[in-house]
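Asks: File input01.cif below, mmCIF, C-alpha atoms:
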```
data_target
#
loop_
_atom_site.group_PDB
_atom_site.id
_atom_site.type_symbol
_atom_site.label_atom_id
_atom_site.label_comp_id
_atom_site.auth_asym_id
_atom_site.auth_seq_id
_atom_site.Cartn_x
_atom_site.Cartn_y
_atom_site.Cartn_z
ATOM 1 C CA MET X 25 -9.743 -14.475 13.479
ATOM 2 C CA GLY X 26 -8.505 -11.384 15.300
ATOM 3 C CA HIS X 27 -5.530 -9.054 15.523
ATOM 4 C CA LYS X 28 -3.245 -11.598 17.191
ATOM 5 C CA GLU X 29 -3.956 -14.329 14.634
ATOM 6 C CA PHE X 30 -3.447 -11.959 11.699
ATOM 7 C CA LEU X 31 -0.157 -10.654 13.088
ATOM 8 C CA THR X 32 0.925 -14.219 13.892
ATOM 9 C CA GLU X 33 0.408 -15.123 10.229
ATOM 10 C CA ALA X 34 2.421 -12.078 9.106
ATOM 11 C CA VAL X 35 5.261 -13.135 11.413
ATOM 12 C CA ARG X 36 5.076 -16.715 10.106
ATOM 13 C CA LEU X 37 5.457 -15.401 6.565
ATOM 14 C CA ALA X 38 8.367 -13.180 7.636
ATOM 15 C CA THR X 39 10.152 -16.093 9.277
ATOM 16 C CA GLU X 40 9.598 -18.248 6.176
ATOM 17 C CA SER X 41 11.152 -15.511 4.042
ATOM 18 C CA VAL X 42 14.263 -15.570 6.233
ATOM 19 C CA ASP X 43 14.423 -19.372 6.446
ATOM 20 C CA LYS X 44 14.185 -19.769 2.672
ATOM 21 C CA GLY X 45 16.625 -16.936 1.934
ATOM 22 C CA TRP X 46 14.033 -14.923 0.024
ATOM 23 C CA GLY X 47 14.585 -11.673 1.904
ATOM 24 C CA GLY X 48 14.380 -9.848 5.206
ATOM 25 C CA PRO X 49 12.124 -10.717 8.154
ATOM 26 C CA PHE X 50 9.034 -9.052 6.780
ATOM 27 C CA GLY X 51 5.639 -10.600 6.167
ATOM 28 C CA ALA X 52 2.184 -9.115 5.742
ATOM 29 C CA VAL X 53 -1.461 -10.031 5.419
ATOM 30 C CA ILE X 54 -4.327 -7.887 4.175
ATOM 31 C CA THR X 55 -7.738 -8.502 5.672
ATOM 32 C CA ARG X 56 -11.282 -7.473 4.886
ATOM 33 C CA ASP X 57 -14.363 -8.278 6.932
ATOM 34 C CA GLY X 58 -12.323 -10.432 9.323
ATOM 35 C CA GLU X 59 -10.862 -12.663 6.578
ATOM 36 C CA ILE X 60 -7.408 -12.765 4.998
ATOM 37 C CA VAL X 61 -7.578 -11.487 1.418
ATOM 38 C CA ALA X 62 -3.850 -11.808 0.633
ATOM 39 C CA ARG X 63 -0.525 -12.866 2.102
ATOM 40 C CA GLY X 64 2.943 -11.716 1.148
ATOM 41 C CA GLN X 65 6.514 -11.641 2.281
ATOM 42 C CA ASN X 66 9.772 -9.934 1.500
ATOM 43 C CA ARG X 67 11.249 -11.388 -1.683
ATOM 44 C CA VAL X 68 14.039 -8.928 -2.423
ATOM 45 C CA LEU X 69 16.782 -11.598 -2.376
ATOM 46 C CA LEU X 70 14.635 -14.043 -4.359
ATOM 47 C CA THR X 71 13.845 -11.575 -7.143
ATOM 48 C CA GLY X 72 16.573 -8.923 -6.993
ATOM 49 C CA ASP X 73 13.731 -6.379 -7.006
ATOM 50 C CA PRO X 74 14.273 -3.727 -4.314
ATOM 51 C CA THR X 75 10.515 -3.010 -4.302
ATOM 52 C CA ALA X 76 9.600 -6.621 -3.443
ATOM 53 C CA HIS X 77 8.793 -5.731 0.164
ATOM 54 C CA ALA X 78 6.143 -7.720 2.001
ATOM 55 C CA GLU X 79 3.620 -4.875 1.993
ATOM 56 C CA VAL X 80 3.950 -4.203 -1.755
ATOM 57 C CA GLU X 81 3.796 -7.910 -2.568
ATOM 58 C CA THR X 82 0.693 -8.282 -0.403
ATOM 59 C CA ILE X 83 -1.021 -5.254 -1.930
ATOM 60 C CA ARG X 84 -0.415 -6.667 -5.410
ATOM 61 C CA LYS X 85 -1.856 -10.037 -4.390
ATOM 62 C CA ALA X 86 -4.889 -8.426 -2.732
ATOM 63 C CA VAL X 87 -5.648 -6.472 -5.892
ATOM 64 C CA GLN X 88 -5.343 -9.660 -7.976
ATOM 65 C CA SER X 89 -7.641 -11.494 -5.572
ATOM 66 C CA LEU X 90 -10.261 -8.749 -5.531
ATOM 67 C CA ASN X 91 -10.068 -8.105 -9.301
ATOM 68 C CA PRO X 92 -10.445 -11.514 -10.936
ATOM 69 C CA GLU X 93 -10.631 -9.833 -14.380
ATOM 70 C CA ALA X 94 -7.275 -8.060 -13.938
ATOM 71 C CA PRO X 95 -4.941 -7.309 -15.649
ATOM 72 C CA SER X 96 -7.288 -6.956 -18.626
ATOM 73 C CA ILE X 97 -10.046 -4.890 -17.048
ATOM 74 C CA SER X 98 -12.084 -3.471 -19.903
ATOM 75 C CA GLU X 99 -13.694 -0.042 -19.810
ATOM 76 C CA GLU X 100 -17.103 -1.665 -19.322
ATOM 77 C CA HIS X 101 -15.842 -3.341 -16.121
ATOM 78 C CA GLN X 102 -13.654 -0.488 -14.933
ATOM 79 C CA ASN X 103 -16.102 0.670 -12.259
ATOM 80 C CA GLU X 104 -16.132 -2.683 -10.434
ATOM 81 C CA SER X 105 -14.332 -4.154 -7.448
ATOM 82 C CA THR X 106 -11.302 -2.099 -6.377
ATOM 83 C CA LEU X 107 -11.886 0.393 -9.200
ATOM 84 C CA GLU X 108 -15.510 1.073 -8.210
ATOM 85 C CA TYR X 109 -16.092 4.746 -7.532
ATOM 86 C CA VAL X 110 -16.637 5.778 -3.928
ATOM 87 C CA PRO X 111 -17.372 9.287 -2.671
ATOM 88 C CA ARG X 112 -14.646 11.424 -1.129
ATOM 89 C CA PRO X 113 -14.549 10.806 2.638
ATOM 90 C CA GLU X 114 -15.918 13.645 4.733
ATOM 91 C CA GLY X 115 -13.183 16.069 5.731
ATOM 92 C CA SER X 116 -10.800 14.810 3.025
ATOM 93 C CA PRO X 117 -8.595 17.448 1.342
ATOM 94 C CA ASP X 118 -9.044 15.590 -1.979
ATOM 95 C CA LEU X 119 -10.162 17.892 -4.785
ATOM 96 C CA LEU X 120 -12.216 15.211 -6.554
ATOM 97 C CA PRO X 121 -15.694 14.204 -5.390
ATOM 98 C CA GLU X 122 -15.040 10.492 -5.976
ATOM 99 C CA ARG X 123 -12.217 8.095 -6.733
ATOM 100 C CA ALA X 124 -11.691 4.378 -7.201
ATOM 101 C CA ARG X 125 -12.193 2.322 -4.021
ATOM 102 C CA MET X 126 -8.841 0.518 -4.215
ATOM 103 C CA LEU X 127 -8.370 -1.398 -0.911
ATOM 104 C CA GLN X 128 -10.672 0.774 1.160
ATOM 105 C CA GLY X 129 -12.233 -1.348 3.897
ATOM 106 C CA CYS X 130 -9.071 -3.433 4.262
ATOM 107 C CA SER X 131 -6.443 -3.598 7.012
ATOM 108 C CA ILE X 132 -2.822 -4.695 6.773
ATOM 109 C CA TYR X 133 -0.872 -6.603 9.433
ATOM 110 C CA ILE X 134 2.917 -6.457 9.131
ATOM 111 C CA SER X 135 5.726 -8.089 11.073
ATOM 112 C CA GLY X 136 7.526 -4.723 11.269
ATOM 113 C CA ALA X 137 6.719 -1.047 10.807
ATOM 114 C CA PRO X 138 6.484 -0.100 7.133
ATOM 115 C CA CYS X 139 9.286 1.748 5.362
ATOM 116 C CA PRO X 140 8.491 5.005 3.497
ATOM 117 C CA MET X 141 7.943 3.192 0.170
ATOM 118 C CA CYS X 142 5.539 0.721 1.708
ATOM 119 C CA MET X 143 3.732 3.389 3.689
ATOM 120 C CA SER X 144 3.232 5.321 0.450
ATOM 121 C CA ALA X 145 1.837 2.190 -1.213
ATOM 122 C CA ILE X 146 -0.505 1.740 1.760
ATOM 123 C CA TYR X 147 -1.747 5.330 1.409
ATOM 124 C CA TRP X 148 -2.236 4.991 -2.364
ATOM 125 C CA SER X 149 -4.102 1.722 -1.945
ATOM 126 C CA ARG X 150 -6.407 3.362 0.632
ATOM 127 C CA ILE X 151 -5.919 0.649 3.231
ATOM 128 C CA GLU X 152 -7.731 1.901 6.319
ATOM 129 C CA ALA X 153 -5.637 0.460 9.166
ATOM 130 C CA VAL X 154 -2.033 -0.626 9.681
ATOM 131 C CA TYR X 155 -0.992 -2.970 12.505
ATOM 132 C CA TYR X 156 2.636 -4.015 13.002
ATOM 133 C CA GLY X 157 4.744 -6.008 15.420
ATOM 134 C CA SER X 158 8.270 -4.551 15.578
ATOM 135 C CA ASP X 159 8.739 -0.778 15.581
ATOM 136 C CA LEU X 160 11.190 1.330 13.540
ATOM 137 C CA GLU X 161 13.835 1.246 16.291
ATOM 138 C CA ALA X 162 13.796 -2.560 16.443
ATOM 139 C CA THR X 163 13.965 -2.633 12.649
ATOM 140 C CA ARG X 164 16.961 -0.263 12.675
ATOM 141 C CA LYS X 165 18.770 -2.475 15.182
ATOM 142 C CA ILE X 166 18.696 -5.442 12.780
ATOM 143 C CA GLY X 167 20.134 -3.380 9.913
ATOM 144 C CA PHE X 168 17.074 -1.978 8.140
ATOM 145 C CA ASP X 169 17.276 1.736 8.944
ATOM 146 C CA ASP X 170 14.770 3.950 7.140
ATOM 147 C CA SER X 171 15.260 7.039 9.301
ATOM 148 C CA PHE X 172 17.511 8.718 6.707
ATOM 149 C CA GLN X 173 14.671 8.546 4.185
ATOM 150 C CA TYR X 174 12.162 10.118 6.546
ATOM 151 C CA GLU X 175 14.728 12.850 7.289
ATOM 152 C CA ASP X 176 15.617 13.355 3.618
ATOM 153 C CA PHE X 177 11.964 13.816 2.600
ATOM 154 C CA GLN X 178 11.750 16.836 4.897
ATOM 155 C CA LYS X 179 14.617 18.649 3.148
ATOM 156 C CA PRO X 180 14.253 20.982 0.147
ATOM 157 C CA LEU X 181 14.823 19.131 -3.144
ATOM 158 C CA ALA X 182 18.237 20.740 -3.693
ATOM 159 C CA GLU X 183 19.510 19.377 -0.353
ATOM 160 C CA ARG X 184 18.451 15.740 -0.736
ATOM 161 C CA ARG X 185 20.845 12.797 -1.041
ATOM 162 C CA ILE X 186 19.595 11.944 -4.534
ATOM 163 C CA GLN X 187 19.660 14.634 -7.215
ATOM 164 C CA ILE X 188 16.084 15.726 -7.952
ATOM 165 C CA LYS X 189 15.584 18.360 -10.623
ATOM 166 C CA GLN X 190 12.674 19.346 -12.830
ATOM 167 C CA ILE X 191 13.570 19.457 -16.527
ATOM 168 C CA TYR X 192 11.470 20.251 -19.599
ATOM 169 C CA PRO X 193 8.136 20.829 -17.832
ATOM 170 C CA GLU X 194 6.491 21.403 -21.204
ATOM 171 C CA LEU X 195 7.135 17.753 -22.092
ATOM 172 C CA GLY X 196 5.610 16.474 -18.872
ATOM 173 C CA ALA X 197 2.644 18.782 -19.426
ATOM 174 C CA LYS X 198 1.739 16.833 -22.599
ATOM 175 C CA ALA X 199 0.992 13.651 -20.619
ATOM 176 C CA TYR X 200 -0.904 15.656 -18.001
ATOM 177 C CA ALA X 201 -2.976 17.280 -20.749
ATOM 178 C CA ALA X 202 -3.782 13.850 -22.208
ATOM 179 C CA TRP X 203 -5.172 12.817 -18.804
ATOM 180 C CA THR X 204 -7.006 16.090 -18.199
ATOM 181 C CA ASP X 205 -8.541 16.080 -21.693
ATOM 182 C CA LYS X 206 -9.686 12.452 -21.538
ATOM 183 C CA PRO X 207 -13.458 12.695 -21.036
ATOM 184 C CA ASP X 208 -13.820 9.164 -19.637
ATOM 185 C CA ARG X 209 -10.781 9.146 -17.320
ATOM 186 C CA HIS X 210 -11.151 7.005 -14.206
ATOM 187 C CA PRO X 211 -9.691 8.805 -11.161
ATOM 188 C CA TYR X 212 -7.870 6.571 -8.727
#
```
Is it possible to express this structure as structure tokens?
Replies:
Amino acid sequence: MGHKEFLTEAVRLATESVDKGWGGPFGAVITRDGEIVARGQNRVLLTGDPTAHAEVETIRKAVQSLNPEAPSISEEHQNESTLEYVPRPEGSPDLLPERARMLQGCSIYISGAPCPMCMSAIYWSRIEAVYYGSDLEATRKIGFDDSFQYEDFQKPLAERRIQIKQIYPELGAKAYAAWTDKPDRHPY
């Protein structure tokens, strides 16, 4: 299978989501080594979960597929599959020498350009390539406009649409210290 077949499958999933009333016209597939690892589609209207976007759903399914022991991965199996350590890519600004693989080596095909939430999930999952059909302008024209989010992220915290304020940093520092002090922590 190639790019066109993978995108065709993402569009099929998007259309099914619309036809069944599950959510917007968004479908996705994640591939690795020329094979589909996971499929997903927008299910916001089906679940009432505003994070149930096609990309997030597909990432969750890919992780389940690639981690057959999940969600009960024990410490002895923690350095396997998507959690296996890989070295920091050359030229990366990452401070750590290695992190968990996550979905490195995978690509995602999406019916439309990813929103900021989904793009963040793609970055965190370390997917290496994103291919989409409809661009942000086409997505805006059908009522899914993410431009305000991209614009809001560029503003100082005090000027954003949603109130964002740091409170009690000493409390947050306790959880950070627990992570920092854990000798067998598993960076991801």
Asks: To one decimal place, how far is atom CA of X:Arg150 from atom CA of X:Met126 in Å?
Replies: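 Going from atom CA of X:Arg150 over to atom CA of X:Met126 covers 6.1 Å.
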Asks: I want to know what sits within 7 Å of stretch 130-138 of chain X, based on all atoms listed in the file, with residues of the same chain fewer than 2 positions away left out; could you give that as a list of chain:residue names?
Replies: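 Listing them by chain and then by number gives X:Phe30, X:Leu31, X:Ala34, X:Val35, X:Ala38, X:Phe50, X:Gly51, X:Ala52, X:Val53, X:Ile54, X:Thr55, X:Arg56, X:Leu127, X:Gln128, X:Pro140, X:Cys142, X:Met143, X:Ile151, X:Glu152, X:Ala153, X:Val154, X:Tyr155, X:Tyr156, X:Gly157, X:Ser158, X:Asp159, X:Leu160, X:Thr163.
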Asks: As a check of understanding, name the residues that the PyMOL selection byres ((chain X and resi 25) around 10) selects in the supplied structure, as a PyMOL selection string.
Replies: chain X and resi 26-30+58-60
Asks: Which residue gives the smallest distance to X:Trp148 among X:Val110, X:Ala124, X:Leu69, X:Leu90, with all atoms listed in the file counted?
Replies: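 With all atoms listed in the file as the atom set, the closest residue is X:Ala124.
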Asks: What gap, in Å, lies between atom CA of X:Val87 and atom CA of X:Arg67?
Replies: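 We find that atom CA of X:Val87 and atom CA of X:Arg67 lie 18.1 Å from each other.
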Asks: As a check of understanding, name the residues that the PyMOL selection byres ((chain X and resi 122) around 8) selects in the supplied structure, as a list in words.
Replies: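 On the file shown, the PyMOL selection byres ((chain X and resi 122) around 8) covers Tyr109, Val110, Pro111, Arg112, Leu120, Pro121, Arg123, Ala124 and Pro211 of chain X.
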Asks: Of the candidates X:Cys139, X:Glu33, X:Ala201, X:Ser149, which shows the shortest atom-to-atom distance to X:Thr106, using all atoms listed in the file?
Replies: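 Looking only at the distances to X:Thr106, the closest residue turns out to be X:Ser149.
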Asks: Counting only C-alpha atoms, figure out which residue out of X:Ala197, X:Asn103, X:Phe172, X:Asp118 gets nearest to X:Arg185.
Replies: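 Once distances to X:Arg185 are computed over only C-alpha atoms, the minimum belongs to X:Phe172.
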Asks: Between X:Gly72, X:Pro49, X:Ala62, X:Tyr174, single out the one closest to X:Ala162, counting all atoms listed in the file.
Replies: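 So, comparing all the options, the nearest one is X:Pro49.
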Asks: How far is it from atom CA of X:Ile186 to atom CA of X:Ala202, in Å with one decimal?
Replies: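 Value for the atom CA of X:Ile186-atom CA of X:Ala202 distance: 29.4 Å.
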Asks: At a cut-off of 12 Å, can you tabulate as a tab-separated table every residue of stretch 66-147 of chain X near stretch 44-47 of chain X together with its closest atom pair and the distance in Å to one decimal, using only C-alpha atoms and ordering rows by chain then number?
Replies:
```
residue	atom	partner	partner_atom	distance
X:Asn66	CA	X:Gly47	CA	5.1
X:Arg67	CA	X:Trp46	CA	4.8
X:Val68	CA	X:Gly47	CA	5.2
X:Leu69	CA	X:Gly47	CA	4.8
X:Leu70	CA	X:Trp46	CA	4.5
X:Thr71	CA	X:Trp46	CA	7.9
X:Gly72	CA	X:Gly47	CA	9.5
X:Asp73	CA	X:Gly47	CA	10.4
X:Pro74	CA	X:Gly47	CA	10.1
X:Thr75	CA	X:Gly47	CA	11.4
X:Ala76	CA	X:Gly47	CA	8.9
X:His77	CA	X:Gly47	CA	8.5
X:Ala78	CA	X:Gly47	CA	9.3
```
Asks: Closest to X:Ala86 among X:Thr204, X:Glu99, X:Leu107, X:Gly64, using only C-alpha atoms?
Replies: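 Looking at the shortest contact to X:Ala86, the residue is X:Gly64.
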Asks: Please determine, counting all atoms listed in the file, which residue among X:Ser105, X:Phe177, X:Phe168, X:Val61 has the shortest atom-to-atom distance to X:Ser89.
Replies: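 Among the listed residues, the smallest separation from X:Ser89 belongs to X:Val61.
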Asks: Can you sort out stretch 136-164 of chain X so it carries N, CA and C atoms, written as a PDB file, in the frame of the given file?
Replies:
```
ATOM      1  N   GLY X 136       6.794  -5.908  10.814  1.00  0.00           N
ATOM      2  CA  GLY X 136       7.526  -4.723  11.269  1.00  0.00           C
ATOM      3  C   GLY X 136       6.932  -3.461  10.686  1.00  0.00           C
ATOM      4  N   ALA X 137       7.239  -2.327  11.276  1.00  0.00           N
ATOM      5  CA  ALA X 137       6.719  -1.047  10.807  1.00  0.00           C
ATOM      6  C   ALA X 137       7.108  -0.810   9.353  1.00  0.00           C
ATOM      7  N   PRO X 138       6.198  -0.280   8.560  1.00  0.00           N
ATOM      8  CA  PRO X 138       6.484  -0.100   7.133  1.00  0.00           C
ATOM      9  C   PRO X 138       7.513   0.989   6.852  1.00  0.00           C
ATOM     10  N   CYS X 139       8.326   0.750   5.830  1.00  0.00           N
ATOM     11  CA  CYS X 139       9.286   1.748   5.362  1.00  0.00           C
ATOM     12  C   CYS X 139       8.523   2.837   4.601  1.00  0.00           C
ATOM     13  N   PRO X 140       9.183   3.937   4.227  1.00  0.00           N
ATOM     14  CA  PRO X 140       8.491   5.005   3.497  1.00  0.00           C
ATOM     15  C   PRO X 140       7.852   4.544   2.185  1.00  0.00           C
ATOM     16  N   MET X 141       8.518   3.680   1.426  1.00  0.00           N
ATOM     17  CA  MET X 141       7.943   3.192   0.170  1.00  0.00           C
ATOM     18  C   MET X 141       6.660   2.423   0.433  1.00  0.00           C
ATOM     19  N   CYS X 142       6.709   1.541   1.406  1.00  0.00           N
ATOM     20  CA  CYS X 142       5.539   0.721   1.708  1.00  0.00           C
ATOM     21  C   CYS X 142       4.414   1.562   2.293  1.00  0.00           C
ATOM     22  N   MET X 143       4.763   2.526   3.127  1.00  0.00           N
ATOM     23  CA  MET X 143       3.732   3.389   3.689  1.00  0.00           C
ATOM     24  C   MET X 143       3.059   4.187   2.585  1.00  0.00           C
ATOM     25  N   SER X 144       3.824   4.632   1.595  1.00  0.00           N
ATOM     26  CA  SER X 144       3.232   5.321   0.450  1.00  0.00           C
ATOM     27  C   SER X 144       2.286   4.394  -0.308  1.00  0.00           C
ATOM     28  N   ALA X 145       2.702   3.159  -0.526  1.00  0.00           N
ATOM     29  CA  ALA X 145       1.837   2.190  -1.213  1.00  0.00           C
ATOM     30  C   ALA X 145       0.555   1.949  -0.417  1.00  0.00           C
ATOM     31  N   ILE X 146       0.673   1.927   0.895  1.00  0.00           N
ATOM     32  CA  ILE X 146      -0.505   1.740   1.760  1.00  0.00           C
ATOM     33  C   ILE X 146      -1.449   2.933   1.607  1.00  0.00           C
ATOM     34  N   TYR X 147      -0.908   4.149   1.613  1.00  0.00           N
ATOM     35  CA  TYR X 147      -1.747   5.330   1.409  1.00  0.00           C
ATOM     36  C   TYR X 147      -2.444   5.286   0.045  1.00  0.00           C
ATOM     37  N   TRP X 148      -1.667   5.016  -1.012  1.00  0.00           N
ATOM     38  CA  TRP X 148      -2.236   4.991  -2.364  1.00  0.00           C
ATOM     39  C   TRP X 148      -3.294   3.907  -2.508  1.00  0.00           C
ATOM     40  N   SER X 149      -3.130   2.811  -1.821  1.00  0.00           N
ATOM     41  CA  SER X 149      -4.102   1.722  -1.945  1.00  0.00           C
ATOM     42  C   SER X 149      -5.339   1.947  -1.082  1.00  0.00           C
ATOM     43  N   ARG X 150      -5.289   2.976  -0.240  1.00  0.00           N
ATOM     44  CA  ARG X 150      -6.407   3.362   0.632  1.00  0.00           C
ATOM     45  C   ARG X 150      -6.735   2.318   1.698  1.00  0.00           C
ATOM     46  N   ILE X 151      -5.752   1.560   2.097  1.00  0.00           N
ATOM     47  CA  ILE X 151      -5.919   0.649   3.231  1.00  0.00           C
ATOM     48  C   ILE X 151      -6.256   1.510   4.445  1.00  0.00           C
ATOM     49  N   GLU X 152      -7.209   1.055   5.242  1.00  0.00           N
ATOM     50  CA  GLU X 152      -7.731   1.901   6.319  1.00  0.00           C
ATOM     51  C   GLU X 152      -7.021   1.751   7.658  1.00  0.00           C
ATOM     52  N   ALA X 153      -6.313   0.652   7.879  1.00  0.00           N
ATOM     53  CA  ALA X 153      -5.637   0.460   9.166  1.00  0.00           C
ATOM     54  C   ALA X 153      -4.353  -0.331   8.954  1.00  0.00           C
ATOM     55  N   VAL X 154      -3.328   0.043   9.714  1.00  0.00           N
ATOM     56  CA  VAL X 154      -2.033  -0.626   9.681  1.00  0.00           C
ATOM     57  C   VAL X 154      -1.714  -1.102  11.094  1.00  0.00           C
ATOM     58  N   TYR X 155      -1.388  -2.388  11.227  1.00  0.00           N
ATOM     59  CA  TYR X 155      -0.992  -2.970  12.505  1.00  0.00           C
ATOM     60  C   TYR X 155       0.351  -3.659  12.285  1.00  0.00           C
ATOM     61  N   TYR X 156       1.316  -3.411  13.179  1.00  0.00           N
ATOM     62  CA  TYR X 156       2.636  -4.015  13.002  1.00  0.00           C
ATOM     63  C   TYR X 156       3.176  -4.507  14.334  1.00  0.00           C
ATOM     64  N   GLY X 157       4.123  -5.442  14.228  1.00  0.00           N
ATOM     65  CA  GLY X 157       4.744  -6.008  15.420  1.00  0.00           C
ATOM     66  C   GLY X 157       5.933  -5.193  15.894  1.00  0.00           C
ATOM     67  N   SER X 158       7.034  -5.245  15.170  1.00  0.00           N
ATOM     68  CA  SER X 158       8.270  -4.551  15.578  1.00  0.00           C
ATOM     69  C   SER X 158       8.259  -3.110  15.092  1.00  0.00           C
ATOM     70  N   ASP X 159       8.744  -2.194  15.943  1.00  0.00           N
ATOM     71  CA  ASP X 159       8.739  -0.778  15.581  1.00  0.00           C
ATOM     72  C   ASP X 159       9.987  -0.406  14.774  1.00  0.00           C
ATOM     73  N   LEU X 160      10.077   0.870  14.369  1.00  0.00           N
ATOM     74  CA  LEU X 160      11.190   1.330  13.540  1.00  0.00           C
ATOM     75  C   LEU X 160      12.536   1.186  14.242  1.00  0.00           C
ATOM     76  N   GLU X 161      12.583   1.379  15.552  1.00  0.00           N
ATOM     77  CA  GLU X 161      13.835   1.246  16.291  1.00  0.00           C
ATOM     78  C   GLU X 161      14.318  -0.209  16.276  1.00  0.00           C
ATOM     79  N   ALA X 162      13.418  -1.139  16.494  1.00  0.00           N
ATOM     80  CA  ALA X 162      13.796  -2.560  16.443  1.00  0.00           C
ATOM     81  C   ALA X 162      14.251  -2.935  15.035  1.00  0.00           C
ATOM     82  N   THR X 163      13.605  -2.368  14.043  1.00  0.00           N
ATOM     83  CA  THR X 163      13.965  -2.633  12.649  1.00  0.00           C
ATOM     84  C   THR X 163      15.349  -2.063  12.345  1.00  0.00           C
ATOM     85  N   ARG X 164      15.642  -0.873  12.859  1.00  0.00           N
ATOM     86  CA  ARG X 164      16.961  -0.263  12.675  1.00  0.00           C
ATOM     87  C   ARG X 164      18.052  -1.126  13.290  1.00  0.00           C
TER      88      ARG X 164
END
```
